[in-house]
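Structure file coords.cif with mmCIF, C-alpha atoms:
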data_target
loop_
_atom_site.group_PDB
_atom_site.id
_atom_site.type_symbol
_atom_site.label_atom_id
_atom_site.label_comp_id
_atom_site.auth_asym_id
_atom_site.auth_seq_id
_atom_site.Cartn_x
_atom_site.Cartn_y
_atom_site.Cartn_z
ATOM 1 C CA MET L 77 0.000 0.000 0.000
ATOM 2 C CA GLU L 78 1.321 3.381 -1.023
ATOM 3 C CA LEU L 79 -0.160 6.804 -0.232
ATOM 4 C CA THR L 80 -0.106 9.683 -2.681
ATOM 5 C CA LYS L 81 0.965 13.127 -1.504
ATOM 6 C CA HIS L 82 -2.696 14.148 -1.620
ATOM 7 C CA ALA L 83 -3.726 11.183 0.558
ATOM 8 C CA ARG L 84 -1.024 12.018 3.121
ATOM 9 C CA GLN L 85 -2.206 15.641 3.261
ATOM 10 C CA ARG L 86 -5.872 14.659 3.653
ATOM 11 C CA ALA L 87 -5.069 12.070 6.324
ATOM 12 C CA ALA L 88 -3.146 14.712 8.279
ATOM 13 C CA GLN L 89 -5.913 17.315 7.845
ATOM 14 C CA ARG L 90 -8.555 14.819 8.929
ATOM 15 C CA SER L 91 -6.494 13.334 11.783
ATOM 16 C CA VAL L 92 -6.546 9.788 10.439
ATOM 17 C CA PRO L 93 -3.392 7.921 11.519
ATOM 18 C CA GLU L 94 -1.528 5.712 9.062
ATOM 19 C CA SER L 95 -2.212 2.643 11.225
ATOM 20 C CA VAL L 96 -5.953 3.199 10.734
ATOM 21 C CA ILE L 97 -5.434 3.655 6.992
ATOM 22 C CA ALA L 98 -3.557 0.335 6.898
ATOM 23 C CA ALA L 99 -6.397 -1.384 8.786
ATOM 24 C CA ILE L 100 -9.025 0.035 6.422
ATOM 25 C CA TYR L 101 -6.903 -1.049 3.458
ATOM 26 C CA ALA L 102 -6.693 -4.574 4.902
ATOM 27 C CA PHE L 103 -10.255 -5.009 6.214
ATOM 28 C CA GLY L 104 -12.388 -2.295 4.572
ATOM 29 C CA THR L 105 -15.574 -3.069 2.684
ATOM 30 C CA PRO L 106 -14.982 -2.375 -1.033
ATOM 31 C CA TYR L 107 -17.300 -0.371 -3.277
ATOM 32 C CA SER L 108 -17.057 1.211 -6.729
ATOM 33 C CA ALA L 109 -15.919 4.833 -6.711
ATOM 34 C CA ARG L 110 -15.956 6.402 -10.188
ATOM 35 C CA GLY L 111 -13.408 4.113 -11.787
ATOM 36 C CA CYS L 112 -11.478 3.554 -8.575
ATOM 37 C CA THR L 113 -12.158 1.329 -5.597
ATOM 38 C CA GLY L 114 -13.367 2.701 -2.305
ATOM 39 C CA LEU L 115 -12.781 0.960 1.011
ATOM 40 C CA ARG L 116 -14.979 1.990 3.922
ATOM 41 C CA LEU L 117 -14.671 1.246 7.599
ATOM 42 C CA ASP L 118 -18.084 -0.064 8.568
ATOM 43 C CA ARG L 119 -19.433 -2.501 11.143
ATOM 44 C CA THR L 120 -18.590 -5.529 8.971
ATOM 45 C CA SER L 121 -14.976 -4.492 8.443
ATOM 46 C CA ILE L 122 -14.523 -3.781 12.162
ATOM 47 C CA GLU L 123 -15.837 -7.281 12.948
ATOM 48 C CA LEU L 124 -13.323 -8.738 10.458
ATOM 49 C CA ALA L 125 -10.501 -6.778 12.076
ATOM 50 C CA ALA L 126 -11.456 -8.032 15.552
ATOM 51 C CA ASP L 127 -9.791 -11.395 14.862
ATOM 52 C CA ASP L 128 -6.406 -9.823 14.081
ATOM 53 C CA LEU L 129 -6.189 -6.746 16.316
ATOM 54 C CA SER L 130 -5.651 -6.347 20.033
ATOM 55 C CA PRO L 131 -8.530 -4.934 22.115
ATOM 56 C CA GLN L 132 -6.752 -1.554 22.332
ATOM 57 C CA GLU L 133 -6.213 -1.383 18.563
ATOM 58 C CA LEU L 134 -9.808 -2.418 17.949
ATOM 59 C CA ALA L 135 -11.141 0.277 20.291
ATOM 60 C CA ARG L 136 -9.043 2.870 18.449
ATOM 61 C CA LEU L 137 -10.306 1.598 15.087
ATOM 62 C CA ARG L 138 -13.936 1.891 16.202
ATOM 63 C CA ARG L 139 -13.440 5.632 16.752
ATOM 64 C CA PHE L 140 -12.836 5.972 13.015
ATOM 65 C CA HIS L 141 -16.089 4.288 11.942
ATOM 66 C CA GLY L 142 -17.191 5.931 8.689
ATOM 67 C CA VAL L 143 -13.726 6.780 7.372
ATOM 68 C CA TYR L 144 -13.110 5.675 3.806
ATOM 69 C CA LEU L 145 -10.236 5.421 1.343
ATOM 70 C CA VAL L 146 -10.286 5.768 -2.412
ATOM 71 C CA THR L 147 -7.680 3.538 -4.035
ATOM 72 C CA SER L 148 -6.340 2.969 -7.500
ATOM 73 C CA GLY L 149 -4.588 -0.382 -7.559
ATOM 74 C CA ALA L 150 -2.275 -0.512 -4.540
ATOM 75 C CA THR L 151 -2.201 3.288 -4.184
ATOM 76 C CA VAL L 152 -4.396 5.216 -1.740
ATOM 77 C CA VAL L 153 -5.601 8.350 -3.544
ATOM 78 C CA THR L 154 -7.507 10.063 -0.727
ATOM 79 C CA VAL L 155 -8.802 9.628 2.825
ATOM 80 C CA ALA L 156 -12.058 11.104 4.124
ATOM 81 C CA HIS L 157 -14.861 10.854 6.687
ATOM 82 C CA ALA L 158 -18.302 9.921 5.392
ATOM 83 C CA THR L 159 -20.533 12.950 5.837
ATOM 84 C CA SER L 160 -23.858 11.441 4.834
ATOM 85 C CA ARG L 161 -25.508 8.028 4.782
ATOM 86 C CA ARG L 162 -24.660 7.065 1.219
ATOM 87 C CA PHE L 163 -23.836 3.499 2.267
ATOM 88 C CA HIS L 164 -26.525 1.106 3.402
#
Represent the supplied structure as structure tokens.
Amino acid sequence: MELTKHARQRAAQRSVPESVIAAIYAFGTPYSARGCTGLRLDRTSIELAADDLSPQELARLRRFHGVYLVTSGATVVTVAHATSRRFH
């Protein structure tokens, strides 16, 4: 997983640590995002992560529920918080 300069800037602006980005990249629920792939941190992906993360890491991950990544191949293009219920 590689982050673009834009993704690094957005993650810093939105206070999303790189460890959370890595967890979303590994466990996030994929969806189509205008020719790219989005990965969102939802309830399902948090449950998947529970098997591999410590209780402290899992508690930290839960605080970022709703954060999503937009990826192109193995590159993270941007990081953001979901602002509306677009995902069901």
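Using only C-alpha atoms, the shortest contact distance between Ser108 (chain L) and any of L:Leu137, L:Val96, L:Leu145, L:Leu129 is found at L:Leu145.
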Selection as a ChimeraX atom specification: residues within 10 Å of (2.4, 6.1, 3.1), counting all atoms listed in the file: /L:77-81,83-84,94-95,97-98,151-152
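Distance cut-off 12 Å, centre (-4.6, 12.4, 11.3), atoms counted all atoms listed in the file; the residues meeting this are L:Ala83, L:Arg84, L:Gln85, L:Arg86, L:Ala87, L:Ala88, L:Gln89, L:Arg90, L:Ser91, L:Val92, L:Pro93, L:Glu94, L:Ser95, L:Val96, L:Ile97, L:Phe140, L:Val143, L:Val155, L:Ala156, L:His157.
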Residues near Arg138 (chain L), cut-off 10 Å, all atoms listed in the file, skip fewer than 2 positions along chain, as JSON, numbers by chain: {"L": [96, 117, 118, 119, 122, 123, 133, 134, 135, 136, 140, 141, 142]}
Nearest to Tyr107 (chain L) by atom-to-atom distance, counting only C-alpha atoms, from L:Ala158, L:Ala126, L:Val146, L:Val153: L:Val146
Fewer than 4 positions away in the same chain doesn't count, so skip those; otherwise give me all residues within 9 Å of Ala125 (chain L), counting all atoms listed in the file, as a short mmCIF file (atom, residue, chain, number, x, y, z; two decimals) with C-alpha atoms, in the frame of the given file.
data_model
loop_
_atom_site.label_atom_id
_atom_site.label_comp_id
_atom_site.auth_asym_id
_atom_site.auth_seq_id
_atom_site.Cartn_x
_atom_site.Cartn_y
_atom_site.Cartn_z
CA ALA L 99 -6.40 -1.38 8.79
CA ILE L 100 -9.02 0.04 6.42
CA ALA L 102 -6.69 -4.57 4.90
CA PHE L 103 -10.26 -5.01 6.21
CA GLY L 104 -12.39 -2.30 4.57
CA THR L 120 -18.59 -5.53 8.97
CA SER L 121 -14.98 -4.49 8.44
CA LEU L 129 -6.19 -6.75 16.32
CA LEU L 134 -9.81 -2.42 17.95
CA LEU L 137 -10.31 1.60 15.09
#
Interatomic distance, CA of Asp127 (chain L) to CA of Pro106 (chain L) (Å, one decimal): 19.0 Å
Of the listed residues L:Tyr101, L:Gln132, L:Ala109, L:His82, that which approaches Ala150 (chain L) most closely, counting only C-alpha atoms: L:Tyr101
Step by step, gather every atom of region 142-151 of chain L that the file lists, find the box along x, y and z that holds them, add 8 Å on each side, and finally give centre and edge lengths in Å to one decimal, as lines of an AutoDock Vina configuration file.
center_x = -9.7
center_y = 3.1
center_z = 0.6
size_x = 31.0
size_y = 23.3
size_z = 32.2
Just write region 109-143 of chain L with N, CA and C atoms, as a PDB file, in the first residue's frame, taken from the block above.
ATOM      1  N   ALA L 109     -16.020   3.387  -6.925  1.00  0.00           N
ATOM      2  CA  ALA L 109     -15.919   4.833  -6.711  1.00  0.00           C
ATOM      3  C   ALA L 109     -15.406   5.523  -7.976  1.00  0.00           C
ATOM      4  N   ARG L 110     -16.281   5.675  -8.953  1.00  0.00           N
ATOM      5  CA  ARG L 110     -15.956   6.402 -10.188  1.00  0.00           C
ATOM      6  C   ARG L 110     -14.662   5.929 -10.838  1.00  0.00           C
ATOM      7  N   GLY L 111     -14.576   4.651 -11.125  1.00  0.00           N
ATOM      8  CA  GLY L 111     -13.408   4.113 -11.787  1.00  0.00           C
ATOM      9  C   GLY L 111     -12.307   3.666 -10.845  1.00  0.00           C
ATOM     10  N   CYS L 112     -12.438   3.995  -9.595  1.00  0.00           N
ATOM     11  CA  CYS L 112     -11.478   3.554  -8.575  1.00  0.00           C
ATOM     12  C   CYS L 112     -12.217   2.604  -7.630  1.00  0.00           C
ATOM     13  N   THR L 113     -11.535   2.173  -6.613  1.00  0.00           N
ATOM     14  CA  THR L 113     -12.158   1.329  -5.597  1.00  0.00           C
ATOM     15  C   THR L 113     -12.146   2.078  -4.275  1.00  0.00           C
ATOM     16  N   GLY L 114     -13.277   2.113  -3.630  1.00  0.00           N
ATOM     17  CA  GLY L 114     -13.367   2.701  -2.305  1.00  0.00           C
ATOM     18  C   GLY L 114     -13.344   1.593  -1.267  1.00  0.00           C
ATOM     19  N   LEU L 115     -12.786   1.890  -0.117  1.00  0.00           N
ATOM     20  CA  LEU L 115     -12.781   0.960   1.011  1.00  0.00           C
ATOM     21  C   LEU L 115     -13.292   1.717   2.222  1.00  0.00           C
ATOM     22  N   ARG L 116     -14.400   1.264   2.787  1.00  0.00           N
ATOM     23  CA  ARG L 116     -14.979   1.990   3.922  1.00  0.00           C
ATOM     24  C   ARG L 116     -14.870   1.173   5.200  1.00  0.00           C
ATOM     25  N   LEU L 117     -14.727   1.874   6.282  1.00  0.00           N
ATOM     26  CA  LEU L 117     -14.671   1.246   7.599  1.00  0.00           C
ATOM     27  C   LEU L 117     -16.086   1.233   8.158  1.00  0.00           C
ATOM     28  N   ASP L 118     -16.731   0.084   8.054  1.00  0.00           N
ATOM     29  CA  ASP L 118     -18.084  -0.064   8.568  1.00  0.00           C
ATOM     30  C   ASP L 118     -18.116  -1.167   9.618  1.00  0.00           C
ATOM     31  N   ARG L 119     -19.286  -1.494  10.095  1.00  0.00           N
ATOM     32  CA  ARG L 119     -19.433  -2.501  11.143  1.00  0.00           C
ATOM     33  C   ARG L 119     -18.848  -3.851  10.722  1.00  0.00           C
ATOM     34  N   THR L 120     -19.093  -4.249   9.483  1.00  0.00           N
ATOM     35  CA  THR L 120     -18.590  -5.529   8.971  1.00  0.00           C
ATOM     36  C   THR L 120     -17.075  -5.572   8.968  1.00  0.00           C
ATOM     37  N   SER L 121     -16.438  -4.508   8.503  1.00  0.00           N
ATOM     38  CA  SER L 121     -14.976  -4.492   8.443  1.00  0.00           C
ATOM     39  C   SER L 121     -14.359  -4.441   9.838  1.00  0.00           C
ATOM     40  N   ILE L 122     -15.018  -3.796  10.783  1.00  0.00           N
ATOM     41  CA  ILE L 122     -14.523  -3.781  12.162  1.00  0.00           C
ATOM     42  C   ILE L 122     -14.613  -5.183  12.764  1.00  0.00           C
ATOM     43  N   GLU L 123     -15.701  -5.907  12.469  1.00  0.00           N
ATOM     44  CA  GLU L 123     -15.837  -7.281  12.948  1.00  0.00           C
ATOM     45  C   GLU L 123     -14.742  -8.173  12.354  1.00  0.00           C
ATOM     46  N   LEU L 124     -14.412  -7.977  11.090  1.00  0.00           N
ATOM     47  CA  LEU L 124     -13.323  -8.738  10.458  1.00  0.00           C
ATOM     48  C   LEU L 124     -11.990  -8.440  11.137  1.00  0.00           C
ATOM     49  N   ALA L 125     -11.762  -7.188  11.458  1.00  0.00           N
ATOM     50  CA  ALA L 125     -10.501  -6.778  12.076  1.00  0.00           C
ATOM     51  C   ALA L 125     -10.365  -7.297  13.501  1.00  0.00           C
ATOM     52  N   ALA L 126     -11.482  -7.598  14.150  1.00  0.00           N
ATOM     53  CA  ALA L 126     -11.456  -8.032  15.552  1.00  0.00           C
ATOM     54  C   ALA L 126     -10.629  -9.296  15.754  1.00  0.00           C
ATOM     55  N   ASP L 127     -10.559 -10.158  14.741  1.00  0.00           N
ATOM     56  CA  ASP L 127      -9.791 -11.395  14.862  1.00  0.00           C
ATOM     57  C   ASP L 127      -8.288 -11.150  14.870  1.00  0.00           C
ATOM     58  N   ASP L 128      -7.836 -10.074  14.243  1.00  0.00           N
ATOM     59  CA  ASP L 128      -6.406  -9.823  14.081  1.00  0.00           C
ATOM     60  C   ASP L 128      -5.833  -8.724  14.972  1.00  0.00           C
ATOM     61  N   LEU L 129      -6.678  -7.886  15.543  1.00  0.00           N
ATOM     62  CA  LEU L 129      -6.189  -6.746  16.316  1.00  0.00           C
ATOM     63  C   LEU L 129      -6.358  -6.967  17.809  1.00  0.00           C
ATOM     64  N   SER L 130      -5.524  -6.293  18.576  1.00  0.00           N
ATOM     65  CA  SER L 130      -5.651  -6.347  20.033  1.00  0.00           C
ATOM     66  C   SER L 130      -6.875  -5.521  20.445  1.00  0.00           C
ATOM     67  N   PRO L 131      -7.376  -5.716  21.660  1.00  0.00           N
ATOM     68  CA  PRO L 131      -8.530  -4.934  22.115  1.00  0.00           C
ATOM     69  C   PRO L 131      -8.288  -3.424  22.074  1.00  0.00           C
ATOM     70  N   GLN L 132      -7.060  -2.986  22.377  1.00  0.00           N
ATOM     71  CA  GLN L 132      -6.752  -1.554  22.332  1.00  0.00           C
ATOM     72  C   GLN L 132      -6.787  -1.036  20.893  1.00  0.00           C
ATOM     73  N   GLU L 133      -6.211  -1.796  19.966  1.00  0.00           N
ATOM     74  CA  GLU L 133      -6.213  -1.383  18.563  1.00  0.00           C
ATOM     75  C   GLU L 133      -7.632  -1.377  18.007  1.00  0.00           C
ATOM     76  N   LEU L 134      -8.428  -2.341  18.410  1.00  0.00           N
ATOM     77  CA  LEU L 134      -9.808  -2.418  17.949  1.00  0.00           C
ATOM     78  C   LEU L 134     -10.630  -1.240  18.470  1.00  0.00           C
ATOM     79  N   ALA L 135     -10.429  -0.876  19.724  1.00  0.00           N
ATOM     80  CA  ALA L 135     -11.141   0.277  20.291  1.00  0.00           C
ATOM     81  C   ALA L 135     -10.770   1.553  19.549  1.00  0.00           C
ATOM     82  N   ARG L 136      -9.493   1.694  19.208  1.00  0.00           N
ATOM     83  CA  ARG L 136      -9.043   2.870  18.449  1.00  0.00           C
ATOM     84  C   ARG L 136      -9.665   2.878  17.057  1.00  0.00           C
ATOM     85  N   LEU L 137      -9.732   1.700  16.425  1.00  0.00           N
ATOM     86  CA  LEU L 137     -10.306   1.598  15.087  1.00  0.00           C
ATOM     87  C   LEU L 137     -11.785   1.977  15.087  1.00  0.00           C
ATOM     88  N   ARG L 138     -12.498   1.577  16.118  1.00  0.00           N
ATOM     89  CA  ARG L 138     -13.936   1.891  16.202  1.00  0.00           C
ATOM     90  C   ARG L 138     -14.197   3.399  16.207  1.00  0.00           C
ATOM     91  N   ARG L 139     -13.274   4.169  16.739  1.00  0.00           N
ATOM     92  CA  ARG L 139     -13.440   5.632  16.752  1.00  0.00           C
ATOM     93  C   ARG L 139     -13.449   6.213  15.349  1.00  0.00           C
ATOM     94  N   PHE L 140     -12.925   5.478  14.384  1.00  0.00           N
ATOM     95  CA  PHE L 140     -12.836   5.972  13.015  1.00  0.00           C
ATOM     96  C   PHE L 140     -13.901   5.359  12.111  1.00  0.00           C
ATOM     97  N   HIS L 141     -14.977   4.839  12.714  1.00  0.00           N
ATOM     98  CA  HIS L 141     -16.089   4.288  11.942  1.00  0.00           C
ATOM     99  C   HIS L 141     -16.582   5.348  10.958  1.00  0.00           C
ATOM    100  N   GLY L 142     -16.725   4.987   9.700  1.00  0.00           N
ATOM    101  CA  GLY L 142     -17.191   5.931   8.689  1.00  0.00           C
ATOM    102  C   GLY L 142     -16.086   6.523   7.831  1.00  0.00           C
ATOM    103  N   VAL L 143     -14.838   6.289   8.195  1.00  0.00           N
ATOM    104  CA  VAL L 143     -13.726   6.780   7.372  1.00  0.00           C
ATOM    105  C   VAL L 143     -13.623   5.877   6.150  1.00  0.00           C
TER     106      VAL L 143
END
